[in-house]
$ cat run.csv   # CSV, C-alpha atoms
chain,number,residue,atom,x,y,z
A,1,MET,CA,0.0,0.0,0.0
A,2,ASN,CA,2.8,2.3,0.9
A,3,PHE,CA,4.5,1.4,-2.3
A,4,LYS,CA,1.5,2.4,-4.2
A,5,ARG,CA,1.3,5.7,-2.4
A,6,ALA,CA,5.0,6.3,-3.2
A,7,ILE,CA,4.3,5.7,-6.9
A,8,ALA,CA,1.3,7.9,-6.8
A,9,GLY,CA,3.1,10.6,-5.1
A,10,THR,CA,6.0,10.4,-7.5
A,11,THR,CA,3.7,10.5,-10.5
A,12,LEU,CA,1.8,13.4,-9.0
A,13,ALA,CA,5.0,15.2,-8.5
A,14,ALA,CA,5.9,14.5,-12.1
A,15,LEU,CA,2.6,15.9,-13.3
A,16,CYS,CA,3.0,19.0,-11.3
A,17,ALA,CA,6.4,19.4,-12.7
A,18,THR,CA,4.9,19.4,-16.2
A,19,LEU,CA,2.7,22.3,-15.1
A,20,VAL,CA,5.6,24.4,-14.1
A,21,PRO,CA,6.4,26.7,-17.0
A,22,ALA,CA,9.0,25.0,-18.9
A,23,ALA,CA,12.3,26.5,-19.1
A,24,PRO,CA,13.0,28.1,-22.4
A,25,ALA,CA,13.5,25.4,-24.7
A,26,LEU,CA,17.0,25.0,-25.4
A,27,ALA,CA,16.1,22.6,-28.0
A,28,ASP,CA,18.2,20.0,-26.5
A,29,GLY,CA,17.5,16.3,-26.6
A,30,LYS,CA,17.5,15.9,-22.8
A,31,ALA,CA,14.4,17.9,-22.2
A,32,SER,CA,12.5,16.1,-24.9
A,33,THR,CA,13.4,12.7,-23.6
A,34,ARG,CA,12.4,13.8,-20.1
A,35,ASN,CA,9.0,15.0,-21.2
A,36,ILE,CA,8.3,11.8,-23.1
A,37,LEU,CA,9.3,9.8,-20.0
A,38,LEU,CA,7.1,11.9,-17.8
A,39,GLY,CA,4.1,11.4,-20.2
A,40,ILE,CA,4.7,7.7,-20.3
A,41,GLY,CA,4.8,7.6,-16.5
A,42,ALA,CA,1.6,9.5,-16.2
A,43,ALA,CA,-0.2,7.3,-18.7
A,44,THR,CA,1.1,4.2,-16.9
A,45,TYR,CA,-0.2,5.6,-13.6
A,46,LEU,CA,-3.6,6.3,-15.1
A,47,ILE,CA,-3.8,2.8,-16.6
A,48,ILE,CA,-2.8,1.3,-13.3
A,49,GLN,CA,-5.4,3.3,-11.5
A,50,HIS,CA,-8.1,2.3,-13.9
A,51,ASN,CA,-7.2,-1.3,-13.7
A,52,ARG,CA,-7.2,-1.1,-9.9
A,53,LYS,CA,-10.6,0.4,-10.0
A,54,VAL,CA,-11.9,-2.2,-12.3
A,55,HIS,CA,-10.5,-5.0,-10.2
A,56,GLU,CA,-11.9,-3.4,-7.1
A,57,ARG,CA,-15.3,-3.3,-8.8
A,58,TYR,CA,-15.0,-6.9,-9.9
A,59,ALA,CA,-13.9,-7.9,-6.4
A,60,GLU,CA,-16.8,-6.0,-5.0
A,61,ASP,CA,-19.3,-7.6,-7.4
A,62,ALA,CA,-17.9,-11.1,-6.6
A,63,ARG,CA,-18.1,-10.4,-2.9
A,64,ARG,CA,-21.6,-9.1,-3.2
A,65,GLN,CA,-22.6,-12.1,-5.3
A,66,ALA,CA,-21.0,-14.4,-2.7
A,67,GLU,CA,-22.9,-12.6,0.0
A,68,LEU,CA,-26.1,-13.0,-1.9
A,69,GLN,CA,-25.5,-16.7,-2.4
A,70,SER,CA,-24.7,-17.0,1.2
A,71,GLU,CA,-27.8,-15.2,2.1
A,72,ASN,CA,-29.8,-17.4,-0.2
A,73,ARG,CA,-28.2,-20.5,1.3
A,74,ASP,CA,-28.9,-19.2,4.7
A,75,ALA,CA,-32.5,-18.4,3.8
A,76,TRP,CA,-33.0,-21.9,2.3
A,77,ALA,CA,-31.4,-23.4,5.4
A,78,ALA,CA,-33.6,-21.3,7.6
A,79,TYR,CA,-36.6,-22.2,5.6
A,80,SER,CA,-35.8,-25.9,5.8
A,81,SER,CA,-35.2,-25.6,9.5
A,82,GLU,CA,-38.5,-23.8,10.0
A,83,LYS,CA,-40.3,-26.4,7.9
A,84,ARG,CA,-38.9,-29.2,10.0
A,85,ALA,CA,-39.8,-27.4,13.2
A,86,ASN,CA,-43.3,-26.9,11.8
A,87,ASP,CA,-43.6,-30.5,10.9
A,88,ASN,CA,-42.6,-31.5,14.4
A,89,ALA,CA,-45.1,-29.0,15.8
A,90,LEU,CA,-47.8,-30.5,13.7
A,91,ALA,CA,-46.9,-34.0,14.9
A,92,GLU,CA,-46.9,-32.8,18.4
A,93,ILE,CA,-50.3,-31.2,18.0
A,94,SER,CA,-51.6,-34.5,16.5
A,95,ASP,CA,-50.2,-36.3,19.6
A,96,LEU,CA,-51.8,-33.8,21.9
A,97,LYS,CA,-55.1,-34.1,20.1
A,98,ARG,CA,-55.0,-37.9,20.6
A,99,GLU,CA,-54.0,-37.4,24.2
A,100,VAL,CA,-56.8,-34.9,24.8
A,101,ALA,CA,-59.3,-37.3,23.1
A,102,TYR,CA,-58.1,-40.1,25.3
A,103,GLN,CA,-58.4,-38.0,28.5
A,104,HIS,CA,-61.8,-36.8,27.4
A,105,SER,CA,-63.0,-40.4,27.1
A,106,VAL,CA,-61.6,-41.2,30.5
A,107,ILE,CA,-63.3,-38.1,32.0
A,108,VAL,CA,-66.6,-39.1,30.3
A,109,ASP,CA,-66.2,-42.6,31.6
A,110,GLN,CA,-65.5,-41.4,35.2
A,111,ARG,CA,-68.3,-38.8,35.0
A,112,ASN,CA,-70.7,-41.6,34.1
A,113,GLN,CA,-69.4,-43.7,36.9
A,114,LEU,CA,-69.8,-40.9,39.3
A,115,ALA,CA,-73.3,-40.2,38.0
A,116,MET,CA,-74.3,-43.8,38.5
A,117,ALA,CA,-72.6,-44.0,41.9
A,118,GLY,CA,-74.0,-40.6,42.9
A,119,ARG,CA,-77.5,-41.7,42.6
A,120,ALA,CA,-76.9,-44.5,45.0
A,121,ASP,CA,-74.8,-42.4,47.2
A,122,ARG,CA,-77.8,-40.4,48.3
A,123,THR,CA,-78.9,-43.5,50.2
A,124,ALA,CA,-75.5,-45.0,51.0
A,125,ALA,CA,-75.8,-47.7,48.4
A,126,PHE,CA,-72.3,-47.0,47.3
A,127,VAL,CA,-70.4,-49.8,49.0
A,128,PRO,CA,-66.7,-49.0,49.2
A,129,THR,CA,-65.4,-52.0,51.0
A,130,PRO,CA,-66.6,-55.5,51.8
A,131,ALA,CA,-66.3,-54.7,55.5
A,132,ALA,CA,-69.2,-52.3,55.2
A,133,HIS,CA,-71.1,-55.0,53.3
A,134,GLU,CA,-70.5,-57.5,56.2
A,135,ARG,CA,-71.4,-54.9,58.8
A,136,ARG,CA,-74.7,-54.4,57.0
A,137,ASN,CA,-75.2,-58.2,57.0
A,138,ARG,CA,-74.6,-58.5,60.7
A,139,SER,CA,-76.9,-55.6,61.5
A,140,SER,CA,-79.8,-57.4,60.0
A,141,ASN,CA,-80.9,-60.4,62.1
A,142,ALA,CA,-83.5,-61.4,59.5
A,143,ARG,CA,-80.9,-61.8,56.8
A,144,ARG,CA,-80.5,-65.4,55.6
A,145,VAL,CA,-76.9,-65.9,54.4
A,146,ALA,CA,-76.1,-68.9,52.2
A,147,ARG,CA,-72.4,-68.0,51.9
A,148,ARG,CA,-70.3,-65.2,53.2
A,149,PRO,CA,-68.9,-62.8,50.6
A,150,SER,CA,-65.2,-63.2,50.1
A,151,SER,CA,-63.4,-61.2,52.8
A,152,GLY,CA,-60.4,-59.0,52.3
A,153,ASP,CA,-59.6,-55.3,52.2
A,154,VAL,CA,-60.5,-54.8,48.6
A,155,ALA,CA,-62.2,-51.6,47.6
A,156,MET,CA,-65.4,-52.1,45.7
A,157,VAL,CA,-67.2,-49.9,43.2
A,158,SER,CA,-70.9,-49.9,42.8
A,159,TYR,CA,-72.6,-49.6,39.5
A,160,GLY,CA,-76.2,-49.7,38.7
A,161,TRP,CA,-79.5,-47.9,39.4
A,162,GLY,CA,-81.6,-47.3,42.5
A,163,SER,CA,-80.7,-47.5,46.1
A,164,ILE,CA,-80.1,-50.6,48.2
B,1,MET,CA,-116.0,-88.6,72.7
B,2,GLY,CA,-114.5,-85.5,74.3
B,3,LEU,CA,-111.0,-87.0,73.9
B,4,ASP,CA,-111.7,-87.7,70.2
B,5,LEU,CA,-112.9,-84.2,69.7
B,6,VAL,CA,-109.7,-82.8,71.3
B,7,ARG,CA,-107.6,-85.1,69.2
B,8,SER,CA,-109.4,-84.2,66.0
B,9,ARG,CA,-109.0,-80.5,66.8
B,10,ALA,CA,-105.3,-81.0,67.5
B,11,VAL,CA,-104.9,-82.8,64.2
B,12,PHE,CA,-106.7,-80.0,62.3
B,13,ALA,CA,-104.6,-77.5,64.1
B,14,SER,CA,-101.4,-79.3,63.3
B,15,ALA,CA,-102.5,-79.7,59.7
B,16,GLY,CA,-103.3,-76.0,59.5
B,17,LEU,CA,-99.9,-75.1,61.0
B,18,VAL,CA,-98.1,-77.4,58.5
B,19,LEU,CA,-100.0,-75.9,55.6
B,20,ALA,CA,-99.3,-72.4,56.8
B,21,LEU,CA,-95.6,-73.1,57.2
B,22,ALA,CA,-95.5,-74.8,53.8
B,23,ALA,CA,-97.2,-71.8,52.3
B,24,CYS,CA,-94.7,-69.4,53.9
B,25,GLY,CA,-91.8,-71.5,52.7
B,26,GLY,CA,-93.2,-71.8,49.2
B,27,SER,CA,-93.8,-68.1,49.0
B,28,GLY,CA,-90.2,-67.4,50.1
B,29,ALA,CA,-88.8,-69.8,47.6
B,30,ASN,CA,-91.0,-68.4,44.9
B,31,ASP,CA,-89.8,-64.9,45.7
B,32,GLY,CA,-86.2,-66.0,45.7
B,33,GLY,CA,-86.7,-67.7,42.3
B,34,GLN,CA,-88.5,-64.7,40.9
B,35,ALA,CA,-85.6,-62.5,42.2
B,36,GLN,CA,-83.0,-64.7,40.7
B,37,ASN,CA,-84.7,-64.9,37.4
B,38,ALA,CA,-85.1,-61.1,37.3
B,39,ALA,CA,-81.4,-60.7,38.4
B,40,ASP,CA,-80.2,-63.1,35.7
B,41,THR,CA,-82.3,-61.6,33.0
B,42,THR,CA,-81.2,-58.1,33.9
B,43,THR,CA,-77.6,-59.1,34.2
B,44,ARG,CA,-77.6,-60.9,30.8
B,45,ALA,CA,-79.2,-57.8,29.3
B,46,VAL,CA,-76.5,-55.6,30.8
B,47,TYR,CA,-73.9,-57.9,29.5
B,48,ASN,CA,-75.4,-57.8,26.0
B,49,ASP,CA,-75.7,-54.0,26.2
B,50,ASP,CA,-79.5,-54.4,25.7
B,51,ILE,CA,-81.1,-51.4,27.4
B,52,GLY,CA,-84.6,-52.7,26.6
B,53,GLY,CA,-83.8,-56.0,28.3
B,54,VAL,CA,-82.3,-54.1,31.2
B,55,THR,CA,-85.3,-52.1,31.9
B,56,GLN,CA,-88.0,-54.6,31.2
B,57,ASN,CA,-88.3,-55.7,34.8
B,58,PHE,CA,-87.5,-52.3,36.3
B,59,ASP,CA,-90.2,-50.3,38.0
B,60,ASP,CA,-91.3,-47.0,36.4
B,61,THR,CA,-89.1,-44.9,38.6
B,62,LEU,CA,-86.0,-46.9,38.0
B,63,LYS,CA,-86.6,-47.0,34.2
B,64,THR,CA,-86.2,-43.2,34.0
B,65,GLN,CA,-82.7,-43.4,35.5
B,66,VAL,CA,-81.2,-45.8,33.0
B,67,THR,CA,-79.1,-44.3,30.1
B,68,ARG,CA,-77.6,-46.1,27.2
B,69,SER,CA,-74.1,-45.0,28.1
B,70,GLU,CA,-74.4,-46.3,31.6
B,71,VAL,CA,-75.5,-49.7,30.3
B,72,GLY,CA,-72.6,-49.6,27.9
B,73,ILE,CA,-70.1,-48.8,30.6
B,74,LEU,CA,-71.3,-51.6,32.8
B,75,SER,CA,-71.4,-54.0,29.9
B,76,ASP,CA,-67.8,-53.1,29.1
B,77,LYS,CA,-66.9,-53.8,32.8
B,78,MET,CA,-68.6,-57.2,32.6
B,79,HIS,CA,-67.0,-58.1,29.2
B,80,SER,CA,-63.6,-57.3,30.7
B,81,MET,CA,-64.1,-60.3,32.9
B,82,GLY,CA,-65.0,-62.7,30.2
B,83,ASP,CA,-68.1,-64.7,29.3
B,84,TYR,CA,-71.1,-64.5,31.6
B,85,GLN,CA,-71.7,-67.8,33.3
B,86,GLY,CA,-74.8,-67.2,35.5
B,87,LEU,CA,-75.6,-66.2,39.0
B,88,THR,CA,-75.0,-67.9,42.4
B,89,PHE,CA,-77.2,-67.0,45.3
B,90,LEU,CA,-75.3,-65.4,48.2
B,91,SER,CA,-77.8,-63.9,50.6
B,92,SER,CA,-81.2,-62.2,51.0
B,93,ASP,CA,-83.0,-59.9,53.3
B,94,PRO,CA,-86.7,-60.8,53.1
B,95,LEU,CA,-87.7,-57.7,55.2
B,96,LYS,CA,-86.2,-55.4,52.5
B,97,SER,CA,-86.8,-57.8,49.6
B,98,GLU,CA,-83.1,-57.5,48.8
B,99,TYR,CA,-81.2,-60.3,47.1
B,100,THR,CA,-77.5,-60.7,46.6
B,101,TYR,CA,-76.0,-62.9,44.0
B,102,ARG,CA,-72.6,-63.5,42.6
B,103,ALA,CA,-72.4,-63.0,38.9
B,104,ASN,CA,-69.8,-65.5,37.6
B,105,PHE,CA,-67.6,-64.7,34.6
B,106,ALA,CA,-64.9,-66.6,33.0
B,107,LYS,CA,-62.2,-64.4,34.5
B,108,GLY,CA,-63.8,-63.3,37.8
B,109,SER,CA,-67.0,-62.4,39.4
B,110,MET,CA,-69.1,-59.4,40.6
B,111,ASN,CA,-71.8,-59.2,43.1
B,112,VAL,CA,-75.3,-58.3,42.0
B,113,VAL,CA,-77.7,-56.8,44.5
B,114,LEU,CA,-81.3,-56.1,43.6
B,115,ARG,CA,-84.4,-55.0,45.5
B,116,LEU,CA,-87.8,-56.1,44.5
B,117,ASP,CA,-90.9,-54.0,44.9
B,118,SER,CA,-94.1,-55.5,46.3
B,119,ASP,CA,-95.4,-56.0,42.7
B,120,GLY,CA,-92.3,-58.0,41.8
B,121,LYS,CA,-90.7,-55.2,39.8
B,122,ILE,CA,-87.0,-54.4,40.4
B,123,GLY,CA,-86.7,-51.2,42.5
B,124,ALA,CA,-82.9,-51.2,42.6
B,125,TYR,CA,-80.2,-53.1,40.7
B,126,ARG,CA,-76.6,-52.6,41.6
B,127,VAL,CA,-73.4,-54.4,40.6
B,128,LEU,CA,-70.5,-54.4,43.0
B,129,ALA,CA,-67.1,-54.8,41.4
B,130,ARG,CA,-63.6,-54.6,42.6
B,131,ALA,CA,-62.2,-51.1,42.1
B,132,GLN,CA,-59.4,-51.1,39.5
$ encode --input "run.csv" --output "structure tokens"
Amino acid sequence: MNFKRAIAGTTLAALCATLVPAAPALADGKASTRNILLGIGAATYLIIQHNRKVHERYAEDARRQAELQSENRDAWAAYSSEKRANDNALAEISDLKREVAYQHSVIVDQRNQLAMAGRADRTAAFVPTPAAHERRNRSSNARRVARRPSSGDVAMVSYGWGSI
Amino acid sequence: MGLDLVRSRAVFASAGLVLALAACGGSGANDGGQAQNAADTTTRAVYNDDIGGVTQNFDDTLKTQVTRSEVGILSDKMHSMGDYQGLTFLSSDPLKSEYTYRANFAKGSMNVVLRLDSDGKIGAYRVLARAQ
């Protein structure tokens, strides 16, 4: 970079030198040769500058194109990623729907069971344990028992209609 | 003569007592049979998810409580225990007209309790199953 600046400075100085009123021509060969060399140097400098500008523009275009391609690739990658995430979300929603449907069926089932048990519960027909069943048997002297119900601390659930 | 009269009265009284006892016993057995038939019919109807069969022996009050979904739920519970194999008598309470049977299934059993009204209709029908 410094080298380029040195060349540019030198060339500029040469150009400025051309602007200085030339010394009276002595019609010698040295001055003519000097002027020709200075002109060639200036032209060379201009050509170099032009080429540099052109190359800079090319480089800029290439860099911009690369950036655009990179942005496109990133956009495509981002789109693909979003699409995968969306597919996963849809699958999750489907699973959640199935889970909600299952839970709904369980709730309906339990609600119906409660409805059936609730009717009987008003008159204590809901029998939670066999022990209660046996107590009820003992409390009734008129009850004729052919066989005792199987004993054991097993919770019982009552289904049906009406109160016992 | 007087002794014969006393003997004859005693014989008649004994015969009357025997007849009365027989009538009572017959009535009880008949009620038990009617209850078991009603319980078996209703239980089979529940097992077959037949709401018409379930309510055919119910009294008018009980009929209004039965819904198809409840019959279906109970039917599912019964089917989870396998084929229905009939009832076995467990106990009865004649004062309350309550009868308890064991409903036998291929893979387990449930208790069926029903109460009969005075007209022979079912006033209550409940199934006791082990909580799952």
$ residues_around --input "run.csv" --residues "Asp109 (chain A)" --least-positions-apart "3" --cutoff "12 Å" --atoms "all atoms listed in the file" --output "list in words"
Tyr102, Gln103, His104, Ser105, Val106, Asn112, Gln113, Leu114, Ala115 and Met116 of chain A; Ser69, Glu70, Val71, Gly72, Ile73, Leu74, Asp76 and Lys77 of chain B
$ residues_around --input "run.csv" --residues "Tyr159 (chain A)" --least-positions-apart "4" --cutoff "7 Å" --atoms "all atoms listed in the file" --output "PyMOL selection string"
(chain A and resi 116-117) or (chain B and resi 126-128)
$ atom_distance --input "run.csv" --atom1 "CA of Asn111 (chain B)" --atom2 "CA of Ser97 (chain B)"
16.4 Å
$ atom_distance --input "run.csv" --atom1 "CA of Gln65 (chain B)" --atom2 "CA of Trp161 (chain A)"
6.8 Å
$ closest_residue --input "run.csv" --among "B:Val66, B:Leu87, B:Val46, B:Ala35" --to "Leu116 (chain B)" --atoms "all atoms listed in the file"
B:Ala35
$ closest_residue --input "run.csv" --among "B:Leu95, B:Gln34, B:Lys107, B:Lys121" --to "Gln56 (chain B)" --atoms "all atoms listed in the file"
B:Lys121
$ residues_around --input "run.csv" --residues "Arg44 (chain B)" --least-positions-apart "3" --cutoff "9 Å" --atoms "only C-alpha atoms" --output "ChimeraX atom specification"
/B:39-41,47-50,53-54,84,86
$ atom_distance --input "run.csv" --atom1 "CA of Thr88 (chain B)" --atom2 "CA of Tyr101 (chain B)"
5.3 Å
$ closest_atom_pairs --input "run.csv" --of "chain B" --to "chain A" --cutoff "6 Å" --atoms "only C-alpha atoms" --output "JSON lines"
{"residue": "B:Leu90", "atom": "CA", "partner": "A:Arg147", "partner_atom": "CA", "distance": 5.4}
{"residue": "B:Ser91", "atom": "CA", "partner": "A:Val145", "partner_atom": "CA", "distance": 4.4}
{"residue": "B:Ser92", "atom": "CA", "partner": "A:Arg144", "partner_atom": "CA", "distance": 5.6}
{"residue": "B:Asp93", "atom": "CA", "partner": "A:Arg143", "partner_atom": "CA", "distance": 4.5}
{"residue": "B:Ala124", "atom": "CA", "partner": "A:Gly162", "partner_atom": "CA", "distance": 4.1}
{"residue": "B:Tyr125", "atom": "CA", "partner": "A:Trp161", "partner_atom": "CA", "distance": 5.4}
{"residue": "B:Arg126", "atom": "CA", "partner": "A:Gly160", "partner_atom": "CA", "distance": 4.1}
{"residue": "B:Val127", "atom": "CA", "partner": "A:Tyr159", "partner_atom": "CA", "distance": 5.0}
{"residue": "B:Leu128", "atom": "CA", "partner": "A:Ser158", "partner_atom": "CA", "distance": 4.5}
{"residue": "B:Ala129", "atom": "CA", "partner": "A:Val157", "partner_atom": "CA", "distance": 5.2}
{"residue": "B:Arg130", "atom": "CA", "partner": "A:Met156", "partner_atom": "CA", "distance": 4.4}
{"residue": "B:Ala131", "atom": "CA", "partner": "A:Met156", "partner_atom": "CA", "distance": 4.9}
